[in-house]
Amino acid sequence: MGLYRAITLLLLTLVLSQVLISGGADGAEETLYRGKTYHVSPSGKDTASGGQESPWHSIQHAANFVSPGDRVLIHSGAYPEHVMFRISGKEGNPILFSAAPGEKVRVKGLELVKGIVHLNIADMKVEGFKFWGVSLDGKNHHIKLRGLTVKGGEAGLHFTSGDSGSPPEQGPVSDVIVENTLVQDPQYTAIDCTPGPCDRMIFRHLEVTGAGGTGENNWGADGLAIERGQHILVEDCYIHDNSGDGIDLNSRDTAGNVSGIVVRRNHVVRNHRNGIKLWAGGRMEHNIIWGQGDAAVILGDWAGKYDVLNNTIAFNMWDPKYSDRNYALVAAYPNDDTGISANMQLTLRNTIFAFNSSNAVGGPTGIYLGKGVRLIDEGNNLYWSQDENEILAEFIAAESEFSRAQIVGGTWAAATGQGKGNMAVDPLFTAGWPKVDVRLRSESPAIAINAGASPDVLSSGLEKRMP
């Protein structure tokens, strides 16, 4: 019995330790805050004690007073403050600023100055700011931003400071989690890491929309853009109706071969430029990408390993109000400055390319694979956009354009050694343009080859659940 109890106690200790490390659910996360709990209310006074019965009046006063492990619960009201956070938590003992449970808090801006670490912010609405709603100036790490609504300004969330392409003026940012957050209607990019680097970043369960307004296309108004950084995860997000790109990662990592870039299970919809751009390597899987105004996917201005798996890429470049005809996927196109096609290892499997570019925009179009592409594995894809040129493969010295008949008839396989399981048939979506619904009908041929985003992503209702 003594040995059994000892083993049980050891297992329980290991489980609790893991919960503390990961943050766990809300109840488990409370164990992270081992200090005092303070309260802020519009009816409070900064000369008070900060207790529940005698709250402070301003969030800034709380930010100036806290210590590692403390929690600050903010009660309902509007706080016309640009709060500057100048006190850090510690490893295993962070600081929390959060709306009190069930209460609504509005604040003008939140800024973590250089070097602030181990700080968590939750459940607030940020609006009325001119430039950046939530900013991490530099040398910030182990930060969690959860349950925020950030509207307006030049950028909703901004990481690092300095000019594009230059070293960060106040240092890099790393180990940040942003989740369950809405970023809406900034003038420029909604979530912006310029100049970076931003390393070990997680963006999860976000809605990002309205960057650059609904007028002309704006290359500087992306949904989520990180100029430089490694180990970046973007998952389960709804990124839509931005006047630039949807997701744009590693545009300034010119050395290429960036590690740990993963974009998965996202709905990327009606962005006026590109849907997903991976400049220096990465993996994209189980994404739904429709309604973009330009190429839905762009890969590889810089060298790297790229994996494109189980995506549904359809009905892009259809709306003539903001669309230009381009390929549905562009891989290793010659660099604008050097004219050289980057060296790319490309895996392309189980993906649907269908109905890309409408007649109103210039006619259907296939995919483009540049001279630098080394095709590692290509197969079980479904192509149904342009009969005569579904694939343009410039890395093939001889005939580089491949029709649907050549893809399924063996010509593509003979030229590349790839193509096993490919189809060139109508995927039978539930609905076409303009009421796009890319769920597959039960008789869809794509099901037999496991092509397209997984059924749980297709039927997640993500677009309807978001505010």
# chains A, B, ... in the order shown; residues from 1 in each chain; ligands from 1
>>> residues_around(residues="range 259-270 of chain A", least_positions_apart="6", cutoff="6 Å", atoms="only C-alpha atoms", output="PyMOL selection string")
chain A and resi 230-241+282-292
>>> residues_around(residues="range 326-340 of chain A", least_positions_apart="2", cutoff="9 Å", atoms="only C-alpha atoms", output="count of residues only")
34
